[in-house]
file data_23.txt (compact mmCIF, C-alpha atoms (C1' of nucleotides) and all ligand atoms)
# COMPACT_ATOMS: atom_id res chain seq x y z
CA MET A 1 31.36 -11.77 -11.13
CA THR A 2 32.80 -8.68 -12.73
CA GLU A 3 31.02 -5.58 -13.91
CA SER A 4 31.57 -6.35 -17.58
CA ASP A 5 29.74 -9.63 -17.18
CA ARG A 6 26.69 -7.80 -16.03
CA ALA A 7 25.69 -5.32 -18.73
CA GLU A 8 23.80 -3.20 -16.22
CA ASP A 9 21.30 -1.06 -18.06
CA GLU A 10 21.36 -2.76 -21.41
CA LEU A 11 18.73 -4.95 -22.86
CA THR A 12 19.49 -8.36 -21.44
CA PRO A 13 18.62 -11.40 -23.51
CA PRO A 14 16.08 -13.46 -21.58
CA PRO A 15 18.29 -16.24 -20.20
CA GLU A 16 15.86 -19.13 -19.94
CA GLY A 17 12.20 -19.69 -19.29
CA THR A 18 12.64 -17.85 -16.00
CA GLY A 19 10.80 -14.73 -15.04
CA ALA A 20 13.78 -12.61 -15.88
CA ILE A 21 13.87 -9.22 -17.53
CA SER A 22 12.83 -9.55 -21.14
CA ALA A 23 13.38 -7.81 -24.42
CA HIS A 24 11.12 -4.82 -23.90
CA MET A 25 12.26 -4.28 -20.31
CA THR A 26 15.18 -2.19 -19.12
CA VAL A 27 16.37 -1.39 -15.64
CA ASP A 28 15.05 2.15 -15.94
CA ARG A 29 11.70 1.10 -17.31
CA GLN A 30 11.25 -1.42 -14.54
CA ALA A 31 12.18 1.20 -11.96
CA SER A 32 9.55 3.50 -13.38
CA HIS A 33 6.93 0.77 -13.16
CA PHE A 34 7.76 0.28 -9.51
CA LYS A 35 7.62 4.00 -8.91
CA ARG A 36 4.18 4.25 -10.45
CA ALA A 37 3.07 1.30 -8.36
CA ARG A 38 4.30 2.98 -5.17
CA GLN A 39 2.49 6.14 -6.16
CA ALA A 40 -0.79 4.28 -6.70
CA ARG A 41 -0.30 2.47 -3.42
CA GLU A 42 -0.12 5.84 -1.67
CA THR A 43 -3.32 7.22 -3.13
CA GLU A 44 -5.50 4.16 -2.80
CA ILE A 45 -6.50 4.67 0.82
CA VAL A 46 -7.60 8.22 0.13
CA GLU A 47 -9.64 7.01 -2.83
CA ASP A 48 -11.33 4.36 -0.72
CA TYR A 49 -12.31 6.85 1.96
CA VAL A 50 -13.63 9.39 -0.51
CA GLU A 51 -15.58 6.84 -2.50
CA LEU A 52 -17.07 5.45 0.69
CA VAL A 53 -18.07 8.89 1.94
CA ALA A 54 -19.86 9.43 -1.36
CA ASP A 55 -21.61 6.07 -1.06
CA LEU A 56 -22.84 6.91 2.43
CA ILE A 57 -24.07 10.33 1.39
CA ASP A 58 -25.89 8.90 -1.60
CA GLU A 59 -27.39 6.02 0.36
CA GLN A 60 -28.13 7.58 3.68
CA GLY A 61 -28.06 11.31 3.17
CA GLU A 62 -24.95 11.81 5.27
CA ALA A 63 -21.60 10.27 6.05
CA ARG A 64 -21.10 9.75 9.77
CA SER A 65 -17.64 8.75 10.78
CA VAL A 66 -18.96 5.80 12.76
CA ASP A 67 -20.41 4.38 9.54
CA VAL A 68 -17.23 5.00 7.62
CA ALA A 69 -15.38 3.14 10.34
CA LYS A 70 -17.79 0.20 10.29
CA ARG A 71 -17.62 -0.25 6.55
CA LEU A 72 -13.84 0.07 6.38
CA GLY A 73 -13.34 -2.15 9.39
CA VAL A 74 -11.13 0.38 11.20
CA THR A 75 -11.54 2.33 14.43
CA GLY A 76 -13.16 5.71 14.79
CA ALA A 77 -9.86 7.25 15.77
CA THR A 78 -8.34 6.14 12.49
CA VAL A 79 -11.23 7.60 10.53
CA ASN A 80 -10.99 10.83 12.43
CA LYS A 81 -7.37 11.29 11.59
CA MET A 82 -7.96 10.46 7.93
CA ILE A 83 -10.88 12.90 7.69
CA ALA A 84 -8.54 15.59 8.93
CA ARG A 85 -6.13 14.71 6.12
CA LEU A 86 -8.90 14.72 3.51
CA LYS A 87 -9.96 18.14 4.76
CA GLU A 88 -6.39 19.33 4.46
CA MET A 89 -6.41 18.03 0.90
CA ASP A 90 -9.65 19.90 0.19
CA LEU A 91 -11.51 16.72 -0.61
CA VAL A 92 -14.06 17.06 2.19
CA ASN A 93 -15.61 19.64 4.47
CA ALA A 94 -16.05 18.63 8.07
CA GLU A 95 -16.83 20.35 11.36
CA PRO A 96 -16.29 18.83 14.80
CA TYR A 97 -19.06 16.43 15.82
CA ARG A 98 -20.81 16.79 12.47
CA SER A 99 -20.84 14.47 9.53
CA VAL A 100 -18.62 14.71 6.50
CA PHE A 101 -19.33 16.37 3.16
CA LEU A 102 -17.53 16.21 -0.14
CA THR A 103 -16.06 19.23 -1.84
CA ASP A 104 -16.47 19.47 -5.60
CA GLU A 105 -13.03 18.01 -5.96
CA GLY A 106 -13.90 15.21 -3.56
CA ARG A 107 -17.10 14.43 -5.40
CA LYS A 108 -15.16 14.28 -8.63
CA MET A 109 -12.64 11.86 -7.19
CA ALA A 110 -15.44 9.75 -5.74
CA GLU A 111 -17.25 9.46 -9.06
CA ALA A 112 -14.05 8.57 -10.86
CA SER A 113 -13.17 5.92 -8.28
CA ARG A 114 -16.64 4.50 -8.38
CA ALA A 115 -16.60 4.28 -12.17
CA ARG A 116 -13.23 2.51 -12.13
CA HIS A 117 -14.42 0.19 -9.43
CA HIS A 118 -17.44 -0.83 -11.48
CA ILE A 119 -15.48 -1.35 -14.67
CA VAL A 120 -13.12 -3.68 -12.86
CA VAL A 121 -15.98 -5.68 -11.41
CA ALA A 122 -17.57 -5.93 -14.84
CA LEU A 123 -14.31 -7.11 -16.42
CA LEU A 124 -13.81 -9.74 -13.75
CA ARG A 125 -17.36 -10.99 -14.23
CA ALA A 126 -16.85 -10.99 -17.99
CA VAL A 127 -13.85 -13.31 -17.81
CA GLY A 128 -15.63 -15.71 -15.50
CA VAL A 129 -14.94 -14.59 -11.94
CA ASP A 130 -17.89 -15.14 -9.61
CA GLU A 131 -19.65 -12.14 -8.17
CA ALA A 132 -18.41 -12.39 -4.58
CA THR A 133 -14.78 -12.77 -5.66
CA ALA A 134 -15.15 -10.01 -8.22
CA TRP A 135 -16.27 -7.52 -5.59
CA ALA A 136 -13.60 -8.63 -3.17
CA ASP A 137 -10.71 -8.44 -5.62
CA ALA A 138 -11.90 -5.25 -7.27
CA GLU A 139 -11.49 -3.46 -3.95
CA GLY A 140 -7.73 -3.64 -4.44
CA MET A 141 -7.27 -3.88 -8.20
CA GLU A 142 -9.33 -0.80 -8.99
CA HIS A 143 -6.57 1.54 -7.85
CA ARG A 144 -3.86 -0.03 -9.97
CA CYS A 145 -5.37 0.12 -13.44
CA SER A 146 -4.23 2.88 -15.77
CA PRO A 147 -6.80 4.76 -17.86
CA GLU A 148 -5.57 2.74 -20.85
CA THR A 149 -6.30 -0.53 -19.13
CA LEU A 150 -9.68 0.69 -17.90
CA ALA A 151 -10.56 1.72 -21.43
CA ALA A 152 -9.59 -1.72 -22.69
CA PHE A 153 -11.68 -3.31 -19.95
CA ALA A 154 -14.73 -1.21 -20.79
CA ASP A 155 -14.31 -2.00 -24.44
CA PHE A 156 -13.95 -5.67 -23.84
CA VAL A 157 -16.99 -5.86 -21.56
CA LYS A 158 -19.10 -3.99 -24.08
CA LYS A 159 -18.07 -6.15 -27.02
CA GLN A 160 -18.41 -9.33 -25.04
CA LYS A 161 -21.99 -8.40 -24.15
CA LEU A 162 -23.12 -8.25 -27.78
CA MET B 163 -31.79 11.30 10.68
CA THR B 164 -32.63 8.70 13.31
CA GLU B 165 -31.12 5.29 13.81
CA SER B 166 -34.26 3.48 12.64
CA ASP B 167 -34.03 5.23 9.29
CA ARG B 168 -30.64 3.76 8.69
CA ALA B 169 -30.93 -0.01 8.91
CA GLU B 170 -27.24 -0.33 9.67
CA ASP B 171 -26.17 -3.84 8.87
CA GLU B 172 -29.13 -4.97 6.81
CA LEU B 173 -29.26 -5.35 3.09
CA THR B 174 -29.98 -1.90 1.82
CA PRO B 175 -31.99 -1.55 -1.35
CA PRO B 176 -29.83 0.16 -3.98
CA PRO B 177 -31.24 3.71 -3.90
CA GLU B 178 -30.57 4.87 -7.44
CA GLY B 179 -28.04 4.33 -10.14
CA THR B 180 -25.38 5.50 -7.72
CA GLY B 181 -22.45 3.41 -6.65
CA ALA B 182 -24.14 2.56 -3.39
CA ILE B 183 -24.11 -0.71 -1.51
CA SER B 184 -26.09 -3.30 -3.44
CA ALA B 185 -28.05 -6.45 -2.81
CA HIS B 186 -25.15 -8.83 -2.25
CA MET B 187 -23.22 -6.37 -0.08
CA THR B 188 -23.49 -5.89 3.65
CA VAL B 189 -21.55 -3.65 5.98
CA ASP B 190 -19.65 -6.63 7.34
CA ARG B 191 -18.88 -8.07 3.96
CA GLN B 192 -17.58 -4.74 2.73
CA ALA B 193 -15.45 -4.37 5.84
CA SER B 194 -13.94 -7.77 5.18
CA HIS B 195 -13.13 -6.80 1.60
CA PHE B 196 -11.31 -3.74 2.87
CA LYS B 197 -9.46 -5.81 5.43
CA ARG B 198 -8.27 -8.24 2.80
CA ALA B 199 -7.19 -5.32 0.63
CA ARG B 200 -5.17 -3.84 3.49
CA GLN B 201 -3.56 -7.20 4.09
CA ALA B 202 -2.54 -7.52 0.44
CA ARG B 203 -1.24 -3.98 0.50
CA GLU B 204 1.06 -4.94 3.35
CA THR B 205 2.57 -7.97 1.66
CA GLU B 206 3.06 -6.54 -1.79
CA ILE B 207 6.37 -4.81 -1.14
CA VAL B 208 7.86 -7.99 0.28
CA GLU B 209 6.65 -9.91 -2.76
CA ASP B 210 8.22 -7.39 -5.11
CA TYR B 211 11.58 -7.57 -3.35
CA VAL B 212 11.61 -11.35 -3.26
CA GLU B 213 10.56 -11.73 -6.88
CA LEU B 214 13.19 -9.24 -7.94
CA VAL B 215 15.92 -11.00 -5.99
CA ALA B 216 14.97 -14.21 -7.77
CA ASP B 217 15.07 -12.45 -11.14
CA LEU B 218 18.54 -11.11 -10.46
CA ILE B 219 19.83 -14.47 -9.29
CA ASP B 220 18.40 -16.20 -12.34
CA GLU B 221 19.65 -13.56 -14.76
CA GLN B 222 22.98 -12.62 -13.29
CA GLY B 223 23.92 -15.37 -10.89
CA GLU B 224 23.60 -13.17 -7.82
CA ALA B 225 21.47 -10.42 -6.34
CA ARG B 226 23.51 -7.42 -5.29
CA SER B 227 21.68 -4.83 -3.31
CA VAL B 228 22.81 -2.06 -5.64
CA ASP B 229 21.00 -3.84 -8.48
CA VAL B 230 17.91 -4.38 -6.41
CA ALA B 231 17.95 -0.66 -5.62
CA LYS B 232 18.35 0.34 -9.26
CA ARG B 233 15.51 -1.83 -10.49
CA LEU B 234 13.15 -0.77 -7.73
CA GLY B 235 14.10 2.87 -8.02
CA VAL B 236 14.87 3.24 -4.31
CA THR B 237 18.05 4.00 -2.37
CA GLY B 238 20.53 1.46 -1.13
CA ALA B 239 19.69 2.30 2.44
CA THR B 240 16.08 1.37 1.83
CA VAL B 241 17.08 -1.93 0.28
CA ASN B 242 19.39 -2.66 3.15
CA LYS B 243 16.67 -2.23 5.71
CA MET B 244 14.24 -4.36 3.73
CA ILE B 245 16.80 -7.15 3.28
CA ALA B 246 17.15 -7.22 7.05
CA ARG B 247 13.39 -7.67 7.32
CA LEU B 248 13.33 -10.41 4.69
CA LYS B 249 16.08 -12.19 6.59
CA GLU B 250 14.06 -11.87 9.77
CA MET B 251 11.14 -13.42 7.89
CA ASP B 252 13.37 -16.28 6.70
CA LEU B 253 12.85 -15.41 3.08
CA VAL B 254 16.51 -14.68 2.34
CA ASN B 255 20.00 -15.39 3.62
CA ALA B 256 22.40 -12.50 3.66
CA GLU B 257 25.77 -11.67 5.18
CA PRO B 258 27.23 -8.18 5.49
CA TYR B 259 28.82 -6.93 2.25
CA ARG B 260 27.75 -10.05 0.37
CA SER B 261 24.89 -10.53 -2.03
CA VAL B 262 21.50 -11.92 -1.17
CA PHE B 263 20.26 -15.50 -1.50
CA LEU B 264 16.78 -16.94 -1.29
CA THR B 265 15.77 -19.52 1.28
CA ASP B 266 13.53 -22.33 0.10
CA GLU B 267 10.59 -20.39 1.38
CA GLY B 268 11.78 -17.28 -0.41
CA ARG B 269 12.23 -19.16 -3.66
CA LYS B 270 8.73 -20.53 -3.31
CA MET B 271 7.28 -17.07 -2.80
CA ALA B 272 9.28 -15.74 -5.73
CA GLU B 273 8.02 -18.43 -8.09
CA ALA B 274 4.45 -17.89 -6.98
CA SER B 275 4.72 -14.12 -7.45
CA ARG B 276 6.33 -14.52 -10.81
CA ALA B 277 3.60 -16.89 -11.98
CA ARG B 278 0.88 -14.50 -10.83
CA HIS B 279 2.66 -11.62 -12.46
CA HIS B 280 2.77 -13.42 -15.79
CA ILE B 281 -0.85 -14.50 -15.67
CA VAL B 282 -1.93 -10.92 -15.10
CA VAL B 283 0.15 -9.68 -18.00
CA ALA B 284 -1.31 -12.39 -20.23
CA LEU B 285 -4.86 -11.50 -19.21
CA LEU B 286 -4.29 -7.83 -19.88
CA ARG B 287 -2.83 -8.62 -23.30
CA ALA B 288 -5.77 -10.94 -24.00
CA VAL B 289 -8.35 -8.22 -23.41
CA GLY B 290 -6.51 -5.76 -25.61
CA VAL B 291 -4.07 -3.87 -23.40
CA ASP B 292 -0.81 -3.02 -25.15
CA GLU B 293 2.37 -4.64 -23.95
CA ALA B 294 3.98 -1.64 -22.28
CA THR B 295 0.82 -0.80 -20.33
CA ALA B 296 0.27 -4.43 -19.44
CA TRP B 297 3.69 -4.70 -17.83
CA ALA B 298 3.28 -1.40 -16.05
CA ASP B 299 -0.16 -2.12 -14.60
CA ALA B 300 0.58 -5.73 -13.75
CA GLU B 301 3.27 -4.52 -11.35
CA GLY B 302 0.49 -3.37 -9.01
CA MET B 303 -2.47 -5.57 -9.90
CA GLU B 304 -0.62 -8.84 -9.50
CA HIS B 305 -0.71 -8.59 -5.71
CA ARG B 306 -4.43 -8.02 -5.49
CA CYS B 307 -5.83 -10.99 -7.39
CA SER B 308 -7.15 -13.94 -5.41
CA PRO B 309 -6.30 -17.48 -6.51
CA GLU B 310 -9.86 -17.73 -7.86
CA THR B 311 -9.39 -14.70 -10.05
CA LEU B 312 -5.98 -15.89 -11.23
CA ALA B 313 -7.50 -19.25 -12.14
CA ALA B 314 -10.22 -17.51 -14.10
CA PHE B 315 -7.58 -15.39 -15.85
CA ALA B 316 -5.49 -18.40 -16.79
CA ASP B 317 -8.56 -20.19 -18.03
CA PHE B 318 -9.69 -17.26 -20.08
CA VAL B 319 -6.29 -16.72 -21.65
CA LYS B 320 -6.02 -20.37 -22.56
CA LYS B 321 -9.48 -20.54 -24.13
CA GLN B 322 -9.02 -17.28 -25.93
CA LYS B 323 -5.85 -18.59 -27.53
CA LEU B 324 -7.59 -21.56 -29.20
C1' DT C 325 -35.46 17.18 32.09
C1' DA C 326 -32.00 13.93 33.39
C1' DC C 327 -29.25 10.25 32.51
C1' DA C 328 -27.59 6.50 29.54
C1' DA C 329 -25.86 5.18 25.27
C1' DT C 330 -23.65 6.47 21.36
C1' DT C 331 -20.55 9.08 18.81
C1' DC C 332 -16.66 11.93 18.31
C1' DT C 333 -12.09 13.78 19.63
C1' DT C 334 -7.50 13.73 21.28
C1' DA C 335 -3.13 11.98 22.88
C1' DG C 336 0.23 8.76 22.57
C1' DC C 337 1.95 4.52 20.66
C1' DC C 338 3.71 1.51 16.81
C1' DA C 339 5.49 -0.63 12.34
C1' DA C 340 6.35 0.00 7.50
C1' DG C 341 8.82 2.01 4.02
C1' DG C 342 10.72 5.81 2.17
C1' DC C 343 14.82 9.43 2.48
C1' DT C 344 19.82 11.82 3.37
C1' DA C 345 24.31 12.04 5.25
C1' DA C 346 28.37 10.06 6.99
C1' DC C 347 31.18 6.20 7.33
C1' DT C 348 33.28 1.42 6.26
C1' DT C 349 34.30 -2.28 3.32
C1' DT C 350 35.12 -4.27 -1.00
C1' DT C 351 36.36 -4.06 -5.68
C1' DT C 352 38.64 -2.16 -9.60
C1' DA C 353 42.37 0.28 -12.03
C1' DG C 354 46.70 2.14 -12.49
C1' DC D 355 50.42 -2.59 -4.12
C1' DT D 356 47.98 1.35 -3.62
C1' DA D 357 44.61 4.79 -4.47
C1' DA D 358 40.09 5.77 -6.24
C1' DA D 359 35.58 4.22 -7.15
C1' DA D 360 31.81 1.54 -6.07
C1' DA D 361 29.05 -0.85 -2.93
C1' DG D 362 27.28 -1.64 1.50
C1' DT D 363 26.12 -0.09 6.31
C1' DT D 364 24.30 2.68 9.94
C1' DA D 365 21.99 6.46 12.26
C1' DG D 366 18.54 9.57 12.28
C1' DC D 367 14.58 11.67 10.15
C1' DC D 368 9.80 11.72 8.08
C1' DT D 369 4.93 10.41 6.63
C1' DT D 370 1.31 7.14 6.46
C1' DG D 371 -2.12 4.52 8.48
C1' DG D 372 -3.16 1.57 11.86
C1' DC D 373 -4.18 0.92 17.21
C1' DT D 374 -5.85 1.82 22.49
C1' DA D 375 -7.39 4.49 26.21
C1' DA D 376 -9.51 8.35 28.19
C1' DG D 377 -12.55 11.95 28.03
C1' DA D 378 -16.05 15.34 25.81
C1' DA D 379 -20.14 16.15 23.08
C1' DT D 380 -24.30 14.68 21.17
C1' DT D 381 -28.36 12.04 20.90
C1' DG D 382 -32.03 8.95 22.48
C1' DT D 383 -35.09 7.63 26.14
C1' DA D 384 -37.35 7.12 30.52
MN MN E 1 -13.53 1.63 -4.82
MN MN E 2 -10.44 0.03 -3.03
MN MN E 3 5.79 -9.15 -9.59
MN MN E 4 4.50 -5.80 -8.03

call {"tool": "encode", "arguments": {"input": "data_23.txt", "output": "structure tokens"}}
result
Amino acid sequence: MTESDRAEDELTPPPEGTGAISAHMTVDRQASHFKRARQARETEIVEDYVELVADLIDEQGEARSVDVAKRLGVTGATVNKMIARLKEMDLVNAEPYRSVFLTDEGRKMAEASRARHHIVVALLRAVGVDEATAWADAEGMEHRCSPETLAAFADFVKKQKL
Amino acid sequence: MTESDRAEDELTPPPEGTGAISAHMTVDRQASHFKRARQARETEIVEDYVELVADLIDEQGEARSVDVAKRLGVTGATVNKMIARLKEMDLVNAEPYRSVFLTDEGRKMAEASRARHHIVVALLRAVGVDEATAWADAEGMEHRCSPETLAAFADFVKKQKL
DNA sequence: TACAATTCTTAGCCAAGGCTAACTTTTTAG
DNA sequence: CTAAAAAGTTAGCCTTGGCTAAGAATTGTA
């Protein structure tokens, strides 16, 4: 197969009913989708920790690392290391042997994550997903929805409720 | 705050309108959601590579690693290492300096990923997300939907079309 | 108050998935 | 056929996010 057969970065006509690149898709556009996806993949763990710290503070008055560990299903050592990173990122304040607090920035991220999380659950419920599955799947999907998609979800849920 | 105030692994009454743990959620259940999410996070890169290899084969007759790299937006070295892993996992066959082929297992995974990918795009379109955003967001969400959710999506799209 | 249980910290390990730089092989053009 | 360009390989580096094991600090209880 020679280079001229390939038409690298051109629009390629969709060959058959395969999953191949289609009219609106170019090599560069696809690469940028993958890059955004990798970016979101990087931030999702941080978002989960911060949201969970907020949940614990709001439910129990404080976020102890042992509770963070239990709810995430990871070890205390893992939590400890992550808390250090969050501190470095100015998302939390933490002193040795004391529980964890959110900075203003951290609280903001937590609220945003929580809101996204709830919109995704609501959308899943609205299209017929059962509650248990909705909560399970939302834990991953929540981090991968753009603001545009979240807006569409919120809109849809609201309209569908009327 | 003492231990008895906390009621660790019991159902906790939702304190306020916060995002806190709610009736159907326990510490263990939440931990298992996070574990599933971490699992999906691990497999998603493999799925993307395999699906993309299938796309290239179906569109262009072969999957060259330079094309995989271009579409993913990563370097050739990165692709090379991942191809070695996929080979180890029996998802692809590959010889040095030659292009990549899917094993039966790899083809199966590719078809499944592709199908999921398309269902997610269709769902997003169906609830009002524009095409560009739908393709962008689906690239991440596709890996985080359970079979149950995908079934609900397919169902919803089908009904909504009538 | 003492001691036991719990929690927290630290060190060291590992795999995944990126990268750059240098080199080899294959492919293309002249 | 040969030289240049393109593609592929390899080595070495880095960060992230897990883990275990060992020990230190805190907290609960007798
Ligand atoms: Mn969340
Ligand atoms: Mn999550
Ligand atoms: Mn896909
Ligand atoms: Mn993807």

call {"tool": "residues_near_ligand", "arguments": {"input": "data_23.txt", "ligand": "ligand MN 1 (chain E)", "cutoff": "8 Å", "atoms": "all atoms listed in the file", "output": "PyMOL selection string"}}
result
chain A and resi 47-48+51-52+113-114+116-117+138-140+142-143

call {"tool": "residues_around", "arguments": {"input": "data_23.txt", "residues": "region 246-262 of chain B", "least_positions_apart": "3", "cutoff": "7 Å", "atoms": "only C-alpha atoms (C1' of nucleotides)", "output": "list of chain:residue names"}}
result
B:Glu224, B:Ala225, B:Arg226, B:Ser227, B:Asn242, B:Lys243, B:Thr265, B:Glu267, B:Gly268, D:DG362

call {"tool": "closest_atom_pairs", "arguments": {"input": "data_23.txt", "of": "chain A", "to": "chain D", "cutoff": "12 Å", "atoms": "all atoms listed in the file", "output": "CSV"}}
result
residue,atom,partner,partner_atom,distance
A:Glu3,CA,D:DA360,C1',10.6
A:Arg41,CA,D:DT370,C1',11.0
A:Glu42,CA,D:DT370,C1',8.4
A:Thr43,CA,D:DT370,C1',10.6
A:Glu44,CA,D:DG371,C1',11.8
A:Ile45,CA,D:DG371,C1',8.8
A:Val46,CA,D:DG371,C1',10.7
A:Gly73,CA,D:DG372,C1',11.1
A:Val74,CA,D:DG372,C1',8.1
A:Thr75,CA,D:DC373,C1',8.0
A:Gly76,CA,D:DC373,C1',10.5
A:Ala77,CA,D:DC373,C1',8.6
A:Thr78,CA,D:DG372,C1',6.9
A:Val79,CA,D:DG371,C1',9.8
A:Asn80,CA,D:DG371,C1',11.6
A:Lys81,CA,D:DG371,C1',9.1
A:Met82,CA,D:DG371,C1',8.3
A:Arg85,CA,D:DT370,C1',10.6
A:Pro96,CA,D:DA379,C1',9.5
A:Tyr97,CA,D:DA379,C1',7.3
A:Arg98,CA,D:DT380,C1',9.6

call {"tool": "closest_residue", "arguments": {"input": "data_23.txt", "among": "B:Ala185, B:Ala193, B:Leu285, B:Ala274", "to": "chain A", "atoms": "only C-alpha atoms"}}
result
B:Ala193

call {"tool": "interface_residues", "arguments": {"input": "data_23.txt", "of": "chain A", "to": "chain B", "cutoff": "7 Å", "atoms": "only C-alpha atoms", "output": "PyMOL selection string"}}
result
chain A and resi 6+15+19-20+27-28+30-31+33-35+37+55+58-60+70-73+114+127-129+136-137+139-141+144-146+149+152-153+156

call {"tool": "interface_residues", "arguments": {"input": "data_23.txt", "of": "chain C", "to": "chain B", "cutoff": "10 Å", "atoms": "all atoms listed in the file", "output": "list in words"}}
result
DA340, DG341, DG342, DC343, DT344, DT349 and DT350 of chain C

call {"tool": "atom_distance", "arguments": {"input": "data_23.txt", "atom1": "CA of Leu102 (chain A)", "atom2": "atom MN of ligand MN 2 (chain E)"}}
result
17.9 Å

call {"tool": "atom_distance", "arguments": {"input": "data_23.txt", "atom1": "C1' of DC332 (chain C)", "atom2": "CA of Val66 (chain A)"}}
result
8.6 Å

call {"tool": "atom_distance", "arguments": {"input": "data_23.txt", "atom1": "CA of Gln160 (chain A)", "atom2": "CA of Ala122 (chain A)"}}
result
10.8 Å

call {"tool": "closest_residue", "arguments": {"input": "data_23.txt", "among": "B:Ser184, B:Val212, B:Lys320, B:Arg269", "to": "ligand MN 3 (chain E)", "atoms": "all atoms listed in the file"}}
result
B:Val212

call {"tool": "closest_residue", "arguments": {"input": "data_23.txt", "among": "B:Met271, B:Gln201, B:Ile245, B:Asp266", "to": "ligand MN 3 (chain E)", "atoms": "only C-alpha atoms and all ligand atoms"}}
result
B:Met271
